[in-house]
>>> print(open('coords.cif').read())   # mmCIF, C-alpha atoms
data_protein
#
loop_
_atom_site.label_atom_id
_atom_site.label_comp_id
_atom_site.auth_asym_id
_atom_site.auth_seq_id
_atom_site.Cartn_x
_atom_site.Cartn_y
_atom_site.Cartn_z
CA MET J 428 -12.06 42.76 -3.24
CA GLU J 429 -8.54 43.45 -2.02
CA ASN J 430 -6.27 40.44 -1.68
CA ASN J 431 -3.36 40.90 0.69
CA TYR J 432 -1.66 37.67 -0.27
CA THR J 433 1.86 37.75 -1.68
CA VAL J 434 4.32 35.08 -2.71
CA GLU J 435 7.95 36.03 -3.10
CA ALA J 436 10.55 33.74 -4.68
CA ILE J 437 14.05 34.59 -3.46
CA ASN J 438 17.02 33.13 -5.35
CA LEU J 439 15.03 29.99 -6.03
CA LYS J 440 16.96 27.07 -7.44
CA LYS J 441 15.98 23.50 -8.27
CA VAL J 442 18.19 20.66 -9.44
CA PHE J 443 17.41 16.98 -9.97
CA GLY J 444 20.73 15.21 -9.51
CA ARG J 445 23.06 17.08 -11.85
CA ARG J 446 20.27 18.47 -14.00
CA LEU J 447 19.58 22.13 -13.40
CA ILE J 448 15.90 23.00 -13.69
CA PHE J 449 16.22 26.71 -12.85
CA LYS J 450 18.31 29.01 -10.70
CA ASP J 451 18.38 32.59 -9.41
CA LEU J 452 14.63 32.88 -9.78
CA ASN J 453 13.48 36.07 -8.07
CA TYR J 454 9.87 37.05 -8.48
CA LYS J 455 6.96 38.43 -6.52
CA PHE J 456 3.34 37.46 -7.09
CA GLU J 457 1.17 40.15 -5.51
CA ASN J 458 -2.24 41.77 -5.73
CA ASN J 459 -5.05 40.12 -7.58
CA GLY J 460 -4.27 39.19 -11.13
CA ILE J 461 -3.25 36.51 -13.53
CA TYR J 462 0.38 35.44 -13.83
CA GLY J 463 1.82 32.97 -16.30
CA ILE J 464 4.62 30.40 -16.23
CA ALA J 465 5.78 29.42 -19.70
CA GLY J 466 8.38 26.99 -21.01
CA ALA J 467 8.80 24.01 -23.27
CA ASN J 468 7.78 20.47 -22.22
CA GLY J 469 10.11 19.23 -19.51
CA SER J 470 11.49 22.71 -18.81
CA GLY J 471 10.33 22.67 -15.18
CA LYS J 472 6.97 24.46 -15.15
CA SER J 473 5.31 21.77 -13.04
CA THR J 474 8.30 21.66 -10.71
CA LEU J 475 7.99 25.39 -10.11
CA VAL J 476 4.25 24.98 -9.59
CA LYS J 477 4.84 22.29 -6.96
CA ILE J 478 7.40 24.48 -5.20
CA ILE J 479 4.98 27.43 -5.15
CA ALA J 480 2.22 25.14 -3.84
CA GLY J 481 4.57 24.02 -1.05
CA VAL J 482 4.55 20.33 -1.91
CA THR J 483 8.13 20.21 -3.22
CA ALA J 484 11.13 21.78 -1.55
CA PRO J 485 13.53 23.97 -3.58
CA SER J 486 17.21 22.93 -3.73
CA ALA J 487 18.24 26.46 -2.71
CA GLY J 488 16.62 29.79 -2.04
CA LYS J 489 13.23 30.24 -0.46
CA LEU J 490 9.64 31.05 -1.16
CA VAL J 491 7.84 33.32 1.26
CA HIS J 492 4.04 33.27 1.41
CA SER J 493 2.52 36.21 3.30
CA PHE J 494 -1.07 37.02 4.14
CA ASN J 495 -1.90 40.45 5.56
CA ASP J 496 1.86 41.02 6.01
CA VAL J 497 2.17 37.92 8.20
CA VAL J 498 4.30 35.03 6.93
CA VAL J 499 2.16 31.94 6.33
CA LYS J 500 3.51 28.87 8.14
CA PRO J 501 4.14 25.83 5.93
CA GLU J 502 1.63 23.71 7.88
CA SER J 503 -1.21 26.13 7.08
CA LEU J 504 -0.23 26.85 3.48
CA HIS J 505 -2.94 24.54 2.17
CA ASP J 506 -5.61 26.85 3.61
CA HIS J 507 -4.58 29.58 1.17
CA ILE J 508 -3.82 27.61 -1.99
CA GLY J 509 -5.81 25.83 -4.66
CA LEU J 510 -4.25 23.71 -7.40
CA VAL J 511 -5.41 22.19 -10.65
CA SER J 512 -2.91 19.98 -12.42
CA PRO J 513 -2.71 16.83 -14.53
CA TYR J 514 -0.93 14.96 -11.72
CA LEU J 515 -3.62 15.80 -9.17
CA VAL J 516 -5.76 12.72 -8.55
CA LEU J 517 -9.09 12.61 -6.73
CA TYR J 518 -10.42 9.54 -4.94
CA ASP J 519 -12.03 7.12 -7.40
CA GLU J 520 -13.93 5.20 -4.74
CA PHE J 521 -15.91 8.30 -3.68
CA THR J 522 -18.48 10.33 -5.56
CA ALA J 523 -17.56 13.83 -6.72
CA TRP J 524 -19.67 15.34 -3.94
CA GLU J 525 -18.14 13.05 -1.31
CA ASN J 526 -14.66 14.02 -2.49
CA LEU J 527 -15.41 17.72 -2.12
CA SER J 528 -17.18 17.27 1.21
CA LEU J 529 -14.34 15.15 2.63
CA PHE J 530 -11.73 17.66 1.48
CA ALA J 531 -13.55 20.48 3.25
CA GLU J 532 -13.79 18.39 6.41
CA ILE J 533 -10.08 17.50 6.32
CA ARG J 534 -9.21 21.16 5.70
CA GLY J 535 -11.24 21.99 8.80
CA VAL J 536 -13.61 24.36 7.02
CA SER J 537 -17.34 24.10 6.48
CA PHE J 538 -18.28 22.66 3.12
CA ASN J 539 -19.38 25.55 0.91
CA LYS J 540 -22.07 23.64 -0.96
CA ASP J 541 -23.24 26.72 -2.82
CA LYS J 542 -19.83 27.49 -4.27
CA ALA J 543 -18.97 23.86 -5.04
CA GLY J 544 -22.41 23.34 -6.61
CA SER J 545 -22.12 26.53 -8.64
CA ILE J 546 -18.73 25.48 -10.09
CA LEU J 547 -20.04 22.00 -10.90
CA LYS J 548 -23.07 23.58 -12.59
CA ASP J 549 -20.84 25.93 -14.60
CA PHE J 550 -18.92 22.89 -15.80
CA ASN J 551 -22.10 20.90 -16.49
CA ILE J 552 -21.27 18.02 -14.14
CA TYR J 553 -23.64 18.89 -11.29
CA ASP J 554 -26.09 16.19 -12.38
CA ARG J 555 -23.30 13.62 -12.05
CA LYS J 556 -22.11 14.81 -8.61
CA ASP J 557 -23.36 11.64 -6.91
CA ASP J 558 -21.58 9.31 -9.33
CA TYR J 559 -18.29 7.68 -8.40
CA VAL J 560 -15.27 9.51 -9.77
CA LYS J 561 -14.06 6.22 -11.29
CA THR J 562 -16.98 6.48 -13.74
CA TYR J 563 -15.87 9.94 -14.92
CA SER J 564 -14.10 10.62 -18.21
CA SER J 565 -10.74 12.41 -18.08
CA GLY J 566 -12.43 15.64 -19.13
CA MET J 567 -15.00 15.37 -16.33
CA LYS J 568 -12.24 14.68 -13.80
CA GLN J 569 -10.47 17.81 -15.03
CA ARG J 570 -13.69 19.81 -14.54
CA LEU J 571 -14.07 18.44 -11.02
CA LYS J 572 -10.55 19.57 -10.15
CA PHE J 573 -11.65 23.19 -10.56
CA ALA J 574 -14.28 22.73 -7.84
CA PHE J 575 -11.53 21.19 -5.66
CA ALA J 576 -9.23 24.17 -6.27
CA PHE J 577 -11.73 27.00 -5.86
CA MET J 578 -14.36 25.77 -3.38
CA HIS J 579 -12.53 27.00 -0.25
CA SER J 580 -12.01 30.47 -1.77
CA PRO J 581 -8.20 30.43 -1.57
CA GLN J 582 -6.08 33.55 -1.93
CA MET J 583 -3.96 31.92 -4.62
CA VAL J 584 -4.87 29.33 -7.24
CA ILE J 585 -2.28 27.63 -9.41
CA LEU J 586 -3.47 26.12 -12.67
CA ASP J 587 -1.02 23.74 -14.34
CA GLU J 588 -2.15 22.97 -17.91
CA PRO J 589 -5.70 24.08 -17.02
CA ILE J 590 -7.38 23.21 -20.31
CA SER J 591 -5.89 19.75 -20.81
CA ASN J 592 -8.57 17.15 -21.67
CA LEU J 593 -11.26 19.82 -21.97
CA ASP J 594 -13.56 20.43 -24.92
CA ASN J 595 -14.23 23.95 -26.26
CA GLU J 596 -17.15 24.51 -23.91
CA GLY J 597 -14.99 23.42 -20.94
CA LYS J 598 -12.18 25.72 -22.02
CA GLU J 599 -14.51 28.69 -22.22
CA THR J 600 -15.86 27.91 -18.74
CA VAL J 601 -12.28 27.77 -17.41
CA TYR J 602 -11.43 31.15 -18.92
CA ASN J 603 -14.59 32.72 -17.50
CA LEU J 604 -13.82 31.24 -14.08
CA ILE J 605 -10.24 32.53 -14.21
CA ARG J 606 -11.42 36.04 -15.14
CA THR J 607 -13.99 36.10 -12.33
CA GLU J 608 -11.77 34.60 -9.63
CA SER J 609 -8.77 36.78 -10.53
CA GLU J 610 -10.69 39.69 -9.03
CA ASN J 611 -10.34 38.07 -5.61
CA ALA J 612 -7.21 35.94 -5.85
CA ILE J 613 -3.80 35.54 -7.43
CA ILE J 614 -4.10 33.12 -10.35
CA ILE J 615 -0.97 31.48 -11.73
CA ILE J 616 -1.23 29.62 -15.03
CA ALA J 617 1.53 27.22 -16.11
CA SER J 618 0.98 26.43 -19.75
CA ASN J 619 2.29 26.37 -23.29
CA GLU J 620 -1.03 27.39 -24.80
CA ASP J 621 -1.10 30.92 -26.19
CA THR J 622 -4.79 31.18 -25.35
CA ASP J 623 -3.95 30.55 -21.67
CA LEU J 624 -0.96 32.85 -21.55
CA ASN J 625 -2.85 35.67 -23.28
CA LEU J 626 -4.94 36.01 -20.11
CA CYS J 627 -1.82 36.78 -18.06
CA SER J 628 -0.60 40.24 -17.22
CA SER J 629 2.92 38.94 -16.54
CA VAL J 630 4.68 35.75 -17.66
CA ILE J 631 7.77 33.98 -16.25
CA THR J 632 9.66 31.97 -18.86
CA ILE J 633 11.51 29.11 -17.16
CA THR J 634 14.25 28.96 -19.81
CA ASP J 635 15.34 32.47 -18.78
CA TYR J 636 16.48 31.00 -15.46
CA LYS J 637 18.60 28.13 -16.75
CA ASN J 638 21.87 29.99 -17.29
CA MET N 1034 -10.61 17.09 14.34
CA LYS N 1035 -8.92 17.39 10.92
CA ALA N 1036 -6.99 14.20 11.63
CA PHE N 1037 -10.22 12.46 12.56
CA ALA N 1038 -11.74 13.60 9.25
CA LEU N 1039 -8.77 12.06 7.47
CA PHE N 1040 -9.22 8.87 9.48
CA LYS N 1041 -12.90 8.84 8.45
CA LYS N 1042 -11.87 9.21 4.81
CA ASP N 1043 -9.48 6.25 5.09
CA PHE N 1044 -12.02 4.15 6.97
CA LYS N 1045 -14.72 4.84 4.37
CA SER N 1046 -12.26 4.11 1.59
CA GLU N 1047 -11.23 0.83 3.25
CA MET N 1048 -14.87 -0.21 3.67
CA ARG N 1049 -15.34 0.25 -0.08
CA THR N 1050 -12.10 -1.24 -1.36
CA ARG N 1051 -11.40 -3.77 1.47
CA TYR N 1052 -7.78 -3.85 0.43
CA ALA N 1053 -5.99 -3.90 3.82
CA VAL N 1054 -8.74 -5.84 5.63
CA ASN N 1055 -8.78 -8.63 3.05
CA ALA N 1056 -4.98 -8.89 2.99
CA LEU N 1057 -4.84 -9.03 6.80
CA ALA N 1058 -7.68 -11.54 7.14
CA MET N 1059 -6.17 -13.89 4.58
CA PHE N 1060 -2.74 -13.67 6.18
CA ILE N 1061 -4.04 -14.33 9.68
CA VAL N 1062 -6.05 -17.36 8.58
CA VAL N 1063 -3.21 -18.80 6.47
CA THR N 1064 -0.41 -18.37 9.06
CA ILE N 1065 -2.45 -19.70 11.97
CA SER N 1066 -3.55 -22.68 9.83
CA VAL N 1067 0.06 -23.42 8.82
CA ILE N 1068 1.20 -23.32 12.45
CA PHE N 1069 -1.76 -25.47 13.53
CA PHE N 1070 -1.13 -28.17 10.90
CA SER N 1071 2.66 -28.16 11.39
CA ILE N 1072 2.37 -28.66 15.14
CA GLY N 1073 -0.20 -31.44 14.82
CA GLN N 1074 -0.88 -33.23 18.12
CA GLU N 1075 2.28 -31.96 19.84
CA ARG N 1076 1.92 -29.71 22.87
CA ILE N 1077 4.17 -26.65 22.56
CA ASN N 1078 5.65 -24.83 25.55
CA GLU N 1079 4.91 -21.22 26.63
CA SER N 1080 8.02 -19.74 24.96
CA LEU N 1081 7.22 -21.26 21.60
CA THR N 1082 3.54 -20.32 21.89
CA ALA N 1083 4.40 -16.69 22.64
CA GLY N 1084 7.05 -16.59 19.89
CA LEU N 1085 4.69 -17.99 17.25
CA PHE N 1086 1.96 -15.62 18.45
CA TRP N 1087 4.18 -12.62 17.69
CA VAL N 1088 5.38 -14.13 14.41
CA VAL N 1089 1.75 -14.14 13.26
CA ILE N 1090 1.28 -10.56 14.47
CA PHE N 1091 4.48 -9.30 12.81
CA PHE N 1092 3.85 -10.82 9.40
CA SER N 1093 0.15 -9.95 9.42
CA ALA N 1094 1.09 -6.34 10.17
CA MET N 1095 3.58 -6.42 7.30
CA SER N 1096 0.89 -7.57 4.89
CA GLY N 1097 -1.62 -4.82 5.57
CA LEU N 1098 -0.35 -1.80 7.47
CA SER N 1099 1.76 -0.33 4.68
CA ARG N 1100 -1.43 0.45 2.75
CA ALA N 1101 -1.94 3.66 4.72
CA PHE N 1102 0.64 5.47 2.63
CA VAL N 1103 1.42 3.07 -0.21
CA SER N 1104 -2.13 3.26 -1.59
CA GLU N 1105 -1.99 7.08 -1.64
CA GLU N 1106 1.37 6.99 -3.43
CA GLU N 1107 0.34 4.31 -5.94
CA ARG N 1108 -2.89 6.07 -6.85
CA GLY N 1109 -1.21 9.47 -6.96
CA THR N 1110 -3.52 10.94 -4.32
CA ASN N 1111 -0.66 11.90 -1.99
CA LEU N 1112 -0.45 15.28 -3.74
CA THR N 1113 -4.15 15.82 -3.07
CA LEU N 1114 -3.55 15.08 0.60
CA GLN N 1115 -0.60 17.47 0.70
CA LEU N 1116 -2.88 20.18 -0.65
CA ILE N 1117 -5.60 19.77 1.95
CA ALA N 1118 -3.76 18.90 5.16
CA GLY N 1119 -0.58 19.63 7.05
CA PRO N 1120 1.95 16.86 7.75
CA SER N 1121 0.95 16.37 11.40
CA THR N 1122 -2.73 16.03 10.42
CA VAL N 1123 -1.86 13.44 7.78
CA PHE N 1124 0.33 11.41 10.14
CA THR N 1125 -2.20 11.51 12.98
CA GLY N 1126 -5.03 10.46 10.64
CA LYS N 1127 -3.02 7.58 9.20
CA LEU N 1128 -1.85 6.54 12.68
CA LEU N 1129 -5.43 6.46 13.95
CA PHE N 1130 -6.41 4.23 11.04
CA ASN N 1131 -3.49 1.85 11.61
CA LEU N 1132 -4.19 1.76 15.36
CA ILE N 1133 -7.76 0.62 14.74
CA LEU N 1134 -6.53 -1.90 12.17
CA VAL N 1135 -3.79 -3.28 14.47
CA PHE N 1136 -6.13 -3.64 17.43
CA ALA N 1137 -8.86 -5.30 15.33
CA MET N 1138 -6.31 -7.61 13.70
CA ASN N 1139 -4.70 -8.61 16.98
CA ILE N 1140 -7.98 -9.20 18.78
CA VAL N 1141 -8.90 -11.62 15.99
CA ILE N 1142 -5.48 -13.31 16.32
CA VAL N 1143 -5.87 -13.64 20.12
CA VAL N 1144 -9.34 -15.16 19.76
CA LEU N 1145 -8.26 -17.64 17.05
CA TYR N 1146 -5.09 -18.49 18.96
CA SER N 1147 -7.04 -19.16 22.18
CA LEU N 1148 -9.46 -21.42 20.35
CA ILE N 1149 -6.80 -23.41 18.50
CA PHE N 1150 -3.79 -23.70 20.82
CA ASP N 1151 -4.20 -25.38 24.20
CA ALA N 1152 -0.94 -23.88 25.51
CA PHE N 1153 -2.22 -20.32 24.97
CA VAL N 1154 -3.87 -19.89 28.34
CA ILE N 1155 -3.40 -16.46 29.91
CA LYS N 1156 -2.86 -16.68 33.66
CA ASN N 1157 -2.17 -12.99 34.25
CA MET N 1158 -4.83 -11.17 32.23
CA VAL N 1159 -3.97 -7.66 33.51
CA LEU N 1160 -0.36 -8.06 32.40
CA PHE N 1161 -1.45 -9.49 29.06
CA VAL N 1162 -3.92 -6.67 28.35
CA THR N 1163 -1.38 -3.99 29.36
CA SER N 1164 1.39 -5.46 27.23
CA PHE N 1165 -1.07 -6.07 24.40
CA ILE N 1166 -2.13 -2.40 24.36
CA LEU N 1167 1.44 -1.05 24.64
CA GLY N 1168 2.74 -3.51 22.05
CA ASN N 1169 -0.02 -2.66 19.59
CA VAL N 1170 0.58 1.07 19.94
CA GLY N 1171 4.30 0.55 19.23
CA LEU N 1172 3.53 -1.70 16.27
CA ALA N 1173 1.06 0.80 14.80
CA VAL N 1174 3.35 3.82 15.20
CA SER N 1175 6.41 2.05 13.77
CA SER N 1176 4.44 0.52 10.90
CA THR N 1177 2.92 3.89 10.01
CA ILE N 1178 6.20 5.83 9.83
CA ILE N 1179 7.95 2.99 7.97
CA ALA N 1180 5.04 2.88 5.51
CA ALA N 1181 5.52 6.61 4.89
CA ILE N 1182 9.24 6.07 4.23
CA ILE N 1183 8.89 3.09 1.90
CA SER N 1184 5.94 4.57 -0.03
CA LYS N 1185 8.44 6.77 -1.89
CA ALA N 1186 10.64 3.79 -2.83
CA GLY N 1187 10.46 1.48 -5.84
CA ALA N 1188 10.40 -2.02 -4.31
CA LYS N 1189 7.83 -1.23 -1.63
CA GLY N 1190 6.65 -4.79 -0.95
CA THR N 1191 10.15 -6.11 -0.22
CA LEU N 1192 11.42 -3.06 1.58
CA TYR N 1193 8.62 -2.88 4.15
CA PRO N 1194 9.39 -6.06 6.16
CA VAL N 1195 13.16 -5.61 5.65
CA LEU N 1196 13.12 -2.09 7.07
CA SER N 1197 10.55 -2.93 9.74
CA PHE N 1198 12.40 -5.92 11.16
CA PRO N 1199 15.32 -4.09 12.86
CA ILE N 1200 13.05 -1.27 14.02
CA LEU N 1201 10.41 -3.61 15.45
CA LEU N 1202 12.85 -6.16 16.88
CA PRO N 1203 13.23 -4.57 20.36
CA LEU N 1204 9.44 -4.24 20.60
CA ILE N 1205 8.75 -7.80 19.47
CA LEU N 1206 11.42 -9.41 21.69
CA THR N 1207 10.11 -7.57 24.75
CA SER N 1208 6.50 -8.28 23.82
CA VAL N 1209 7.30 -12.00 23.42
CA GLN N 1210 8.78 -11.96 26.92
CA LEU N 1211 5.71 -10.20 28.31
CA THR N 1212 3.43 -12.75 26.61
CA ILE N 1213 5.47 -15.58 28.21
CA PHE N 1214 5.05 -13.85 31.60
CA SER N 1215 1.29 -13.55 30.99
CA ILE N 1216 1.03 -17.24 30.12
CA ASP N 1217 3.13 -18.52 33.04
CA GLY N 1218 1.38 -16.21 35.52
CA THR N 1219 4.30 -13.94 36.47
CA LYS N 1220 3.25 -11.12 38.78
CA PHE N 1221 2.68 -7.67 37.24
CA GLU N 1222 5.40 -6.09 39.44
CA GLU N 1223 7.99 -8.57 38.19
CA ALA N 1224 7.34 -7.57 34.59
CA ILE N 1225 7.64 -3.83 35.19
CA VAL N 1226 11.07 -3.55 33.49
CA GLU N 1227 9.76 -5.08 30.26
CA LEU N 1228 6.64 -2.90 30.41
CA MET N 1229 8.79 0.20 30.82
CA ILE N 1230 10.90 -0.83 27.82
CA VAL N 1231 7.78 -1.13 25.64
CA LEU N 1232 6.36 2.13 27.01
CA SER N 1233 9.68 3.91 26.29
CA TYR N 1234 9.73 2.42 22.81
CA ASP N 1235 6.24 3.79 22.15
CA VAL N 1236 7.10 7.27 23.41
CA ILE N 1237 10.34 7.41 21.40
CA MET N 1238 8.69 6.16 18.21
CA ILE N 1239 5.82 8.65 18.51
CA ALA N 1240 8.21 11.56 19.09
CA VAL N 1241 10.62 10.55 16.32
CA SER N 1242 7.78 9.92 13.87
CA TYR N 1243 6.27 13.38 14.30
CA MET N 1244 9.74 14.97 14.02
CA LEU N 1245 10.63 13.04 10.86
CA PHE N 1246 7.33 12.99 9.04
CA ASP N 1247 7.54 16.52 7.66
CA PHE N 1248 10.78 15.65 5.84
CA ILE N 1249 9.47 12.31 4.58
CA TRP N 1250 6.15 13.69 3.39
CA LYS N 1251 7.52 16.55 1.30
CA ASP N 1252 9.22 15.66 -2.01
#
>>> encode(input="coords.cif", output="structure tokens")
Amino acid sequence: MENNYTVEAINLKKVFGRRLIFKDLNYKFENNGIYGIAGANGSGKSTLVKIIAGVTAPSAGKLVHSFNDVVVKPESLHDHIGLVSPYLVLYDEFTAWENLSLFAEIRGVSFNKDKAGSILKDFNIYDRKDDYVKTYSSGMKQRLKFAFAFMHSPQMVILDEPISNLDNEGKETVYNLIRTESENAIIIIASNEDTDLNLCSSVITITDYKN
Amino acid sequence: MKAFALFKKDFKSEMRTRYAVNALAMFIVVTISVIFFSIGQERINESLTAGLFWVVIFFSAMSGLSRAFVSEEERGTNLTLQLIAGPSTVFTGKLLFNLILVFAMNIVIVVLYSLIFDAFVIKNMVLFVTSFILGNVGLAVSSTIIAAIISKAGAKGTLYPVLSFPILLPLILTSVQLTIFSIDGTKFEEAIVELMIVLSYDVIMIAVSYMLFDFIWKD
């Protein structure tokens, strides 16, 4: 299926105080496919991920999200994006199913039970969907985050350290999901793992944008 | 509708964790008890009654209303919220929750106050209800935007009342005056200036909050 979503970084720069994270970053994510963001620990991969997801502002430059050649307004960016990351936290006091149902309601879309259920089944946590998230292990929470990121069928999904806390079976499920979903969406993987980056057709290395 | 869904999420969460409700209930009971025991058998005048009434409201609000944003920040769920809702949806949802909390809290305070203090007899009920509604709206809006600001800071607990005091002072001073008018039976028309001040405060705070929230909410 054709995906008319594009994200263009124009002269993107981020600094924290005097510390330069990256500068002069020009790049265009377009068409369906898998893109990678590589770099050592602390190099700024997660910062770039947050900027692309629209939750952190760049220090200079801009990021333009377009859908069907129309610029996506910042207030509706969340309709088009999914994110999995270690710093993403779901609500402990709700069950997994309640979390997903509430998120759909807050997004203003109908809860796609089939898709959410299918992802939970793929990750072998469907039987635990009515358990409180606080009872989940870190690996199970990581699995649940994939349902959170993909259930509204976004045009772009950003995966920051997607296989952290996962066992081999979980990793394989993630790779299968990425391969399937990349036919309909832009997938961006921020990682240091070669196995993750090998899936990508194009990789940005953050350290290339430090000088 | 999206904001209402967010409000529902917060309400459900509060019903399960009881964090803000418990903090508010304890504070209300403790402050009213302290005032009651310190006054003893003495009869206090209308000004002091109204002043103490708003002292209880102010400090009770400070103990519970910051939770709207602080709990999201402390648990790390603010990023999740940023990914599912726009800034105006988040602010409206949180404001709705704080409005319900403020009204519930202040109704309890009014009831307890009426039962305990002989001097708290409302002679102009229409004026009292009007000023009560306007004052609560102002308190909820200000508390919500200040909670959003301080949730990003380190010393949240200390900063909240310190930052709230100058912002809420005009509202509280005018509301104290309106409560005195309600107790001494001043006519509604004679209190119109004070009511307009509180109404203007509410409108300004709502407008400023929606304008500022986008900048506060984004890292």
>>> residues_near_point(input="coords.cif", point="(10.7, 18.2, 1.9)", cutoff="10 Å", atoms="all atoms listed in the file", output="list in words")
Gly481, Val482, Thr483, Ala484, Pro485 and Ser486 of chain J; Phe1246, Asp1247, Phe1248, Ile1249, Trp1250, Lys1251 and Asp1252 of chain N
>>> resolve_selection(input="coords.cif", expression="the PyMOL selection byres ((chain N) within 6 of (chain J))", output="list in words")
Lys1035, Ala1038, Leu1039, Gly1109, Thr1110, Leu1116, Ile1117, Ala1118, Gly1119, Lys1251 and Asp1252 of chain N
>>> resolve_selection(input="coords.cif", expression="the PyMOL selection byres ((chain J and resi 638) around 10)", output="ChimeraX atom specification")
/J:447-451,634-637
>>> resolve_selection(input="coords.cif", expression="the PyMOL selection byres ((chain J and resi 570) around 8)", output="list of chain:residue names")
J:Leu547, J:Phe550, J:Ile552, J:Gly566, J:Met567, J:Lys568, J:Gln569, J:Leu571, J:Lys572, J:Phe573, J:Ala574, J:Leu593, J:Gly597
>>> write_last_selection(input="coords.cif", atoms="C-alpha atoms", output="compact mmCIF listing (two decimals), in the frame of the given file")
# COMPACT_ATOMS: atom_id res chain seq x y z
CA LEU J 547 -20.04 22.00 -10.90
CA PHE J 550 -18.92 22.89 -15.80
CA ILE J 552 -21.27 18.02 -14.14
CA GLY J 566 -12.43 15.64 -19.13
CA MET J 567 -15.00 15.37 -16.33
CA LYS J 568 -12.24 14.68 -13.80
CA GLN J 569 -10.47 17.81 -15.03
CA LEU J 571 -14.07 18.44 -11.02
CA LYS J 572 -10.55 19.57 -10.15
CA PHE J 573 -11.65 23.19 -10.56
CA ALA J 574 -14.28 22.73 -7.84
CA LEU J 593 -11.26 19.82 -21.97
CA GLY J 597 -14.99 23.42 -20.94
>>> atom_distance(input="coords.cif", atom1="atom CA of N:Ala1137", atom2="atom CA of N:Phe1198")
21.7 Å
>>> residues_around(input="coords.cif", residues="N:Leu1196", least_positions_apart="5", cutoff="9 Å", atoms="only C-alpha atoms", output="list in words")
Ile1179, Ile1183, Thr1191 and Leu1201 of chain N
>>> atom_distance(input="coords.cif", atom1="atom CA of J:Asn592", atom2="atom CA of J:Ser470")
21.0 Å
>>> atom_distance(input="coords.cif", atom1="atom CA of J:Met583", atom2="atom CA of J:Ser528")
20.6 Å
>>> closest_residue(input="coords.cif", among="N:Val1236, N:Ala1056, N:Ala1036, N:Leu1112", to="N:Thr1125", atoms="all atoms listed in the file")
N:Ala1036
>>> residues_around(input="coords.cif", residues="J:Cys627", least_positions_apart="6", cutoff="8 Å", atoms="only C-alpha atoms", output="MDAnalysis selection string")
chainID J and resid 460:463 616
>>> write_last_selection(input="coords.cif", atoms="C-alpha atoms", output="PDB file, in the coordinates of the input")
ATOM      1  CA  GLY J 460      -4.270  39.190 -11.130  1.00  0.00           C
ATOM      2  CA  ILE J 461      -3.250  36.510 -13.530  1.00  0.00           C
ATOM      3  CA  TYR J 462       0.380  35.440 -13.830  1.00  0.00           C
ATOM      4  CA  GLY J 463       1.820  32.970 -16.300  1.00  0.00           C
ATOM      5  CA  ILE J 616      -1.230  29.620 -15.030  1.00  0.00           C
TER       6      ILE J 616
END
>>> decode(input="coords.cif", residues="stretch 602-613 of chain J", atoms="N, CA and C atoms", output="PDB file, in the first residue's frame")
ATOM      1  N   TYR J 602      11.116  -8.297  14.731  1.00  0.00           N
ATOM      2  CA  TYR J 602      11.634  -8.205  13.360  1.00  0.00           C
ATOM      3  C   TYR J 602      10.561  -8.553  12.329  1.00  0.00           C
ATOM      4  N   ASN J 603       9.745  -9.550  12.647  1.00  0.00           N
ATOM      5  CA  ASN J 603       8.656  -9.907  11.720  1.00  0.00           C
ATOM      6  C   ASN J 603       7.649  -8.760  11.601  1.00  0.00           C
ATOM      7  N   LEU J 604       7.341  -8.153  12.758  1.00  0.00           N
ATOM      8  CA  LEU J 604       6.393  -7.033  12.763  1.00  0.00           C
ATOM      9  C   LEU J 604       6.947  -5.861  11.949  1.00  0.00           C
ATOM     10  N   ILE J 605       8.231  -5.571  12.136  1.00  0.00           N
ATOM     11  CA  ILE J 605       8.853  -4.461  11.396  1.00  0.00           C
ATOM     12  C   ILE J 605       8.772  -4.735   9.889  1.00  0.00           C
ATOM     13  N   ARG J 606       9.106  -5.972   9.491  1.00  0.00           N
ATOM     14  CA  ARG J 606       9.090  -6.301   8.057  1.00  0.00           C
ATOM     15  C   ARG J 606       7.674  -6.145   7.478  1.00  0.00           C
ATOM     16  N   THR J 607       6.689  -6.617   8.234  1.00  0.00           N
ATOM     17  CA  THR J 607       5.304  -6.536   7.741  1.00  0.00           C
ATOM     18  C   THR J 607       4.829  -5.088   7.677  1.00  0.00           C
ATOM     19  N   GLU J 608       5.042  -4.349   8.761  1.00  0.00           N
ATOM     20  CA  GLU J 608       4.511  -2.979   8.844  1.00  0.00           C
ATOM     21  C   GLU J 608       5.254  -2.021   7.921  1.00  0.00           C
ATOM     22  N   SER J 609       6.501  -2.348   7.568  1.00  0.00           N
ATOM     23  CA  SER J 609       7.261  -1.434   6.704  1.00  0.00           C
ATOM     24  C   SER J 609       6.682  -1.385   5.285  1.00  0.00           C
ATOM     25  N   GLU J 610       5.767  -2.311   5.005  1.00  0.00           N
ATOM     26  CA  GLU J 610       5.108  -2.264   3.686  1.00  0.00           C
ATOM     27  C   GLU J 610       4.058  -1.155   3.646  1.00  0.00           C
ATOM     28  N   ASN J 611       3.621  -0.724   4.820  1.00  0.00           N
ATOM     29  CA  ASN J 611       2.567   0.303   4.886  1.00  0.00           C
ATOM     30  C   ASN J 611       3.002   1.587   5.560  1.00  0.00           C
ATOM     31  N   ALA J 612       4.178   1.596   6.144  1.00  0.00           N
ATOM     32  CA  ALA J 612       4.576   2.778   6.939  1.00  0.00           C
ATOM     33  C   ALA J 612       6.087   2.985   6.892  1.00  0.00           C
ATOM     34  N   ILE J 613       6.492   4.188   7.266  1.00  0.00           N
ATOM     35  CA  ILE J 613       7.922   4.466   7.428  1.00  0.00           C
ATOM     36  C   ILE J 613       8.301   3.952   8.814  1.00  0.00           C
TER      37      ILE J 613
END
